[in-house]
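J.: File follows, coords-v3.cif with mmCIF, C-alpha atoms:
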```
data_input
#
loop_
_atom_site.label_atom_id
_atom_site.label_comp_id
_atom_site.auth_asym_id
_atom_site.auth_seq_id
_atom_site.Cartn_x
_atom_site.Cartn_y
_atom_site.Cartn_z
CA MET I 25 2.67 -10.32 -3.05
CA SER I 26 2.36 -9.38 -6.68
CA GLN I 27 0.46 -6.54 -8.32
CA SER I 28 -2.66 -8.74 -8.49
CA SER I 29 -2.96 -9.33 -4.76
CA PHE I 30 -5.95 -8.29 -2.76
CA HIS I 31 -7.07 -8.44 0.82
CA LEU I 32 -9.62 -10.79 2.32
CA ILE I 33 -11.32 -10.41 5.67
CA LEU I 34 -12.00 -13.76 7.31
CA THR I 35 -14.38 -14.20 10.23
CA VAL I 36 -13.90 -17.52 11.96
CA ILE I 37 -15.96 -19.25 14.65
CA GLY I 38 -16.03 -22.75 16.06
CA ASP I 39 -15.71 -24.86 19.19
CA ASP I 40 -12.42 -24.00 20.86
CA ARG I 41 -9.70 -26.63 20.74
CA PRO I 42 -5.91 -26.70 20.53
CA GLY I 43 -4.55 -26.23 17.02
CA LEU I 44 -7.26 -24.08 15.45
CA VAL I 45 -4.99 -21.11 14.75
CA GLY I 46 -2.32 -23.47 13.43
CA GLU I 47 -4.76 -25.11 11.01
CA LEU I 48 -6.04 -21.74 9.81
CA SER I 49 -2.54 -20.32 9.32
CA ALA I 50 -1.37 -23.49 7.52
CA VAL I 51 -4.16 -23.15 4.94
CA ILE I 52 -3.39 -19.47 4.41
CA SER I 53 0.34 -20.16 4.00
CA ALA I 54 -0.26 -23.13 1.67
CA HIS I 55 -2.01 -20.76 -0.74
CA GLN I 56 0.72 -18.10 -0.53
CA GLY I 57 -1.43 -15.87 1.66
CA SER I 58 0.06 -13.37 4.06
CA TRP I 59 -1.55 -13.07 7.52
CA LEU I 60 -1.67 -9.28 8.08
CA GLU I 61 -3.78 -8.49 11.13
CA SER I 62 -6.04 -10.42 13.45
CA SER I 63 -8.07 -10.30 16.60
CA MET I 64 -9.05 -13.57 18.23
CA ALA I 65 -10.59 -14.73 21.47
CA GLN I 66 -11.98 -17.72 23.30
CA LEU I 67 -15.38 -17.03 24.82
CA ALA I 68 -17.64 -19.56 26.56
CA GLY I 69 -15.94 -22.50 24.86
CA LYS I 70 -16.09 -20.94 21.40
CA PHE I 71 -13.18 -19.64 19.35
CA ALA I 72 -13.89 -16.47 17.38
CA GLY I 73 -11.62 -14.34 15.26
CA ILE I 74 -11.25 -11.92 12.43
CA VAL I 75 -8.19 -12.03 10.17
CA GLU I 76 -7.00 -9.83 7.32
CA VAL I 77 -5.13 -11.80 4.67
CA ALA I 78 -3.34 -10.62 1.52
CA VAL I 79 -3.35 -13.20 -1.26
CA ASP I 80 -2.41 -13.24 -4.92
CA GLU I 81 -5.44 -13.37 -7.18
CA ALA I 82 -4.18 -16.61 -8.72
CA HIS I 83 -4.42 -18.38 -5.32
CA ALA I 84 -7.55 -16.70 -3.93
CA ASP I 85 -10.20 -19.13 -5.19
CA ALA I 86 -8.30 -22.20 -3.96
CA LEU I 87 -7.71 -20.51 -0.60
CA LYS I 88 -11.41 -19.68 -0.24
CA LEU I 89 -12.39 -23.25 -1.15
CA GLU I 90 -10.02 -24.85 1.37
CA LEU I 91 -10.99 -22.41 4.13
CA GLY I 92 -14.60 -23.46 3.63
CA GLN I 93 -13.62 -27.09 4.16
CA LEU I 94 -11.90 -26.68 7.54
CA THR I 95 -13.40 -29.12 10.03
CA GLY I 96 -15.20 -27.56 12.97
CA LEU I 97 -14.77 -23.96 11.81
CA LYS I 98 -17.23 -21.70 10.07
CA VAL I 99 -15.24 -19.24 7.93
CA THR I 100 -16.92 -16.26 6.28
CA ILE I 101 -14.85 -14.46 3.64
CA GLU I 102 -15.25 -10.91 2.37
CA THR I 103 -13.07 -8.84 0.09
CA ALA I 104 -11.58 -5.86 1.92
CA ALA I 105 -11.92 -2.30 0.68
CA ALA I 106 -9.49 -1.51 -2.12
CA GLN I 107 -7.49 1.11 -0.24
CA LYS I 108 -6.81 0.86 3.44
CA SER I 109 -6.49 4.25 5.11
CA ALA I 110 -5.45 5.06 8.63
CA PRO I 111 -8.18 6.50 10.84
CA LYS I 112 -8.03 10.28 11.04
CA GLY I 113 -8.35 12.44 14.11
CA ARG I 114 -7.50 12.10 17.79
CA ARG I 115 -6.68 8.75 19.31
CA LEU I 116 -8.30 8.09 22.68
CA LYS I 117 -8.32 5.23 25.11
CA LEU I 118 -11.42 4.69 27.21
CA ALA I 119 -11.48 2.58 30.36
CA LEU I 120 -14.60 2.23 32.44
CA VAL I 121 -15.80 0.14 35.36
CA GLY I 122 -19.26 -0.02 36.90
CA HIS I 123 -21.90 -2.34 38.24
CA ASP I 124 -23.00 -4.68 35.48
CA ARG I 125 -26.52 -4.28 34.20
CA ILE I 126 -28.52 -4.78 31.03
CA GLY I 127 -27.98 -2.03 28.46
CA ILE I 128 -24.64 -0.62 29.62
CA VAL I 129 -22.87 -1.24 26.27
CA ARG I 130 -25.82 0.30 24.40
CA GLU I 131 -25.76 3.38 26.61
CA VAL I 132 -21.99 3.89 26.30
CA SER I 133 -22.04 3.34 22.52
CA GLN I 134 -24.88 5.88 22.14
CA VAL I 135 -22.85 8.51 24.00
CA LEU I 136 -19.80 7.79 21.81
CA ALA I 137 -21.89 8.03 18.63
CA HIS I 138 -23.47 11.30 19.87
CA HIS I 139 -19.93 12.75 20.05
CA ALA I 140 -19.00 11.24 16.63
CA VAL I 141 -16.42 8.97 18.28
CA ASN I 142 -15.51 5.84 16.31
CA VAL I 143 -14.80 2.60 18.19
CA GLU I 144 -11.74 0.89 16.70
CA SER I 145 -11.55 -1.87 19.29
CA LEU I 146 -13.55 -2.85 22.35
CA GLU I 147 -12.78 -5.43 25.01
CA THR I 148 -15.18 -6.14 27.86
CA HIS I 149 -15.41 -8.55 30.76
CA THR I 150 -17.13 -8.94 34.11
CA SER I 151 -15.67 -9.68 37.52
CA SER I 152 -16.75 -10.03 41.13
CA ALA I 153 -16.49 -6.85 43.15
CA PRO I 154 -14.04 -7.05 46.04
CA MET I 155 -15.79 -7.80 49.36
CA SER I 156 -19.28 -8.02 47.83
CA ALA I 157 -21.39 -10.24 45.63
CA ALA I 158 -21.84 -7.50 43.01
CA VAL I 159 -20.76 -8.10 39.42
CA LEU I 160 -18.60 -5.38 37.86
CA PHE I 161 -18.54 -4.57 34.15
CA HIS I 162 -15.16 -3.55 32.68
CA ALA I 163 -14.57 -2.07 29.22
CA VAL I 164 -11.46 -0.86 27.44
CA ALA I 165 -11.80 0.77 24.03
CA GLU I 166 -9.49 2.33 21.46
CA LEU I 167 -11.28 5.28 19.88
CA THR I 168 -10.83 7.85 17.13
CA ALA I 169 -12.48 11.27 17.29
CA ALA I 170 -12.37 14.64 15.57
CA PRO I 171 -9.46 16.89 16.60
CA ASP I 172 -11.89 19.35 18.23
CA LEU I 173 -13.66 16.77 20.44
CA ASP I 174 -14.57 18.15 23.87
CA VAL I 175 -13.15 15.31 25.98
CA SER I 176 -14.47 16.73 29.26
CA ALA I 177 -18.01 16.87 27.85
CA LEU I 178 -17.68 13.28 26.63
CA THR I 179 -16.36 12.12 30.02
CA GLY I 180 -19.14 13.95 31.84
CA GLU I 181 -21.84 12.44 29.67
CA LEU I 182 -20.40 8.94 30.18
CA GLU I 183 -20.25 9.48 33.95
CA ARG I 184 -23.91 10.57 33.97
CA ILE I 185 -24.94 7.15 32.64
CA SER I 186 -24.62 5.80 36.16
CA ASN I 187 -23.55 7.10 39.55
CA ASP I 188 -21.22 4.14 40.03
CA LEU I 189 -19.57 4.27 36.60
CA MET I 190 -15.89 5.20 36.81
CA VAL I 191 -14.60 6.59 33.51
CA ASP I 192 -11.00 7.20 32.50
CA ILE I 193 -10.21 8.68 29.08
CA THR I 194 -6.64 9.28 27.99
CA LEU I 195 -5.51 10.95 24.81
CA ASP I 196 -2.76 9.76 22.55
CA GLU I 197 -0.22 12.52 21.95
CA THR I 198 -0.68 12.43 18.18
CA ILE I 199 -3.45 13.73 16.00
CA ARG I 200 -3.71 11.77 12.77
CA ALA I 201 -3.90 13.90 9.67
#
```
What's the structure tokens form of this structure?
T.:
Amino acid sequence: MSQSSFHLILTVIGDDRPGLVGELSAVISAHQGSWLESSMAQLAGKFAGIVEVAVDEAHADALKLELGQLTGLKVTIETAAAQKSAPKGRRLKLALVGHDRIGIVREVSQVLAHHAVNVESLETHTSSAPMSAAVLFHAVAELTAAPDLDVSALTGELERISNDLMVDITLDETIRA
């Protein structure tokens, strides 16, 4: 990439089918774009993803135009912030399991926000409980928090959301400066 490159953030959604990622990556490569980071998933028959691409300014308009013409995909394009900085603070990993119910993600996210914890990634799914008809909610999150975060207070507050909620928080060994 030359001095005039910049980063684009693509959000992509469409009906899932074989070859979608290949088509998307071919368009990016054809316009001299570099696929930097992505997170993609298939949910309920839909394909959804977010991709960070670096592209030379001379190729950006043509790339944007061709991305908008991909069949069966809706692509939204935004220019990324000028300077990408690593998150600062403590790295945490949160894993929780509990009976599924309406509002559980809202309740957990409110507790995290109350403790000024930033959610960097979140993956959730449901499953059948062993030997019962109950549905379990599972969440795994990568978090960043201030170096002085009281992890036991955060864990306690999360556990108080529900009697059946099992919470496991582990700390990364490094504190980002």
J.: Could you tell me which residues the PyMOL selection byres ((chain I and resi 169) around 7) grabs in this file, written as number ranges by chain?
T.: I: 113-115, 140-142, 167-168, 170-171, 173
J.: Using Å and a single decimal, report how far atom CA of Ser145 of chain I sits from atom CA of Val79 of chain I.
T.: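 These two atoms are separated by 24.9 Å.
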J.: Rank nothing, just name the residue among I:Val159, I:Val143, I:Ala72, I:Leu44 nearest to Lys117 of chain I, using all atoms listed in the file.
T.: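 Nearest candidate to Lys117 of chain I out of I:Val159, I:Val143, I:Ala72, I:Leu44: I:Val143.
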J.: Which distance in Å separates atom CA of Val51 of chain I and atom CA of Leu91 of chain I, to one decimal?
T.: 6.9 Å
J.: I'd like the neighbourhood of Ser133 of chain I as a PyMOL selection string, where a residue qualifies if any of its atoms comes within 12 Å (using all atoms listed in the file), though same-chain residues fewer than 4 positions away should be ignored.
T.: chain I and resi 118+127-129+137-143+146+163+165+167+178+181-182+185
J.: Using all atoms listed in the file, determine which residues lie at most 12 Å from Gln66 of chain I, disregarding the query and same-chain residues fewer than 2 positions distant; provide the list as JSON, numbers by chain.
T.: {"I": [36, 37, 38, 39, 40, 41, 42, 44, 45, 63, 64, 68, 69, 70, 71, 72, 73]}
J.: Determine the nearest neighbour of Ala84 of chain I from the options I:Leu60, I:Leu160, I:Leu136, I:Ile52, counting all atoms listed in the file.
T.: I:Ile52
J.: If I take atom CA of His149 of chain I and atom CA of Val75 of chain I, how far is one from the other in Å, to one decimal?
T.: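 Those two atoms sit 22.1 Å apart.
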J.: Give the answer as one residue: which of I:Leu48, I:Val191, I:Val121, I:Leu87 has the shortest atom-to-atom distance to Ser176 of chain I, using only C-alpha atoms?
T.: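 Using only C-alpha atoms, Ser176 of chain I sits closest to I:Val191.
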J.: Using only C-alpha atoms, collect all residues at a distance of at most 6 Å from (-4.8, -8.5, 4.8) as written in the file, then present them as a ChimeraX atom specification.
T.: /I:31-32,60,76-78
J.: Have a look at I:Glu61, I:His123, I:Ala105, I:Thr179 and name the one nearest to Ala158 of chain I; count all atoms listed in the file.
T.: I:His123
J.: Of the residues I:Arg130, I:Asp174, I:Glu147, I:Asp124, which is the one nearest to Leu189 of chain I, using all atoms listed in the file?
T.: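 So, comparing all the options, the nearest one is I:Asp124.
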J.: Apply the PyMOL selection byres ((chain I and resi 82) around 12) to the displayed file and report the matching residues as a list in words.
T.: Met25, Ser26, Gln27, Ser28, Ser29, Phe30, His55, Gln56, Gly57, Ala78, Val79, Asp80, Glu81, His83, Ala84, Asp85, Ala86, Leu87 and Lys88 of chain I
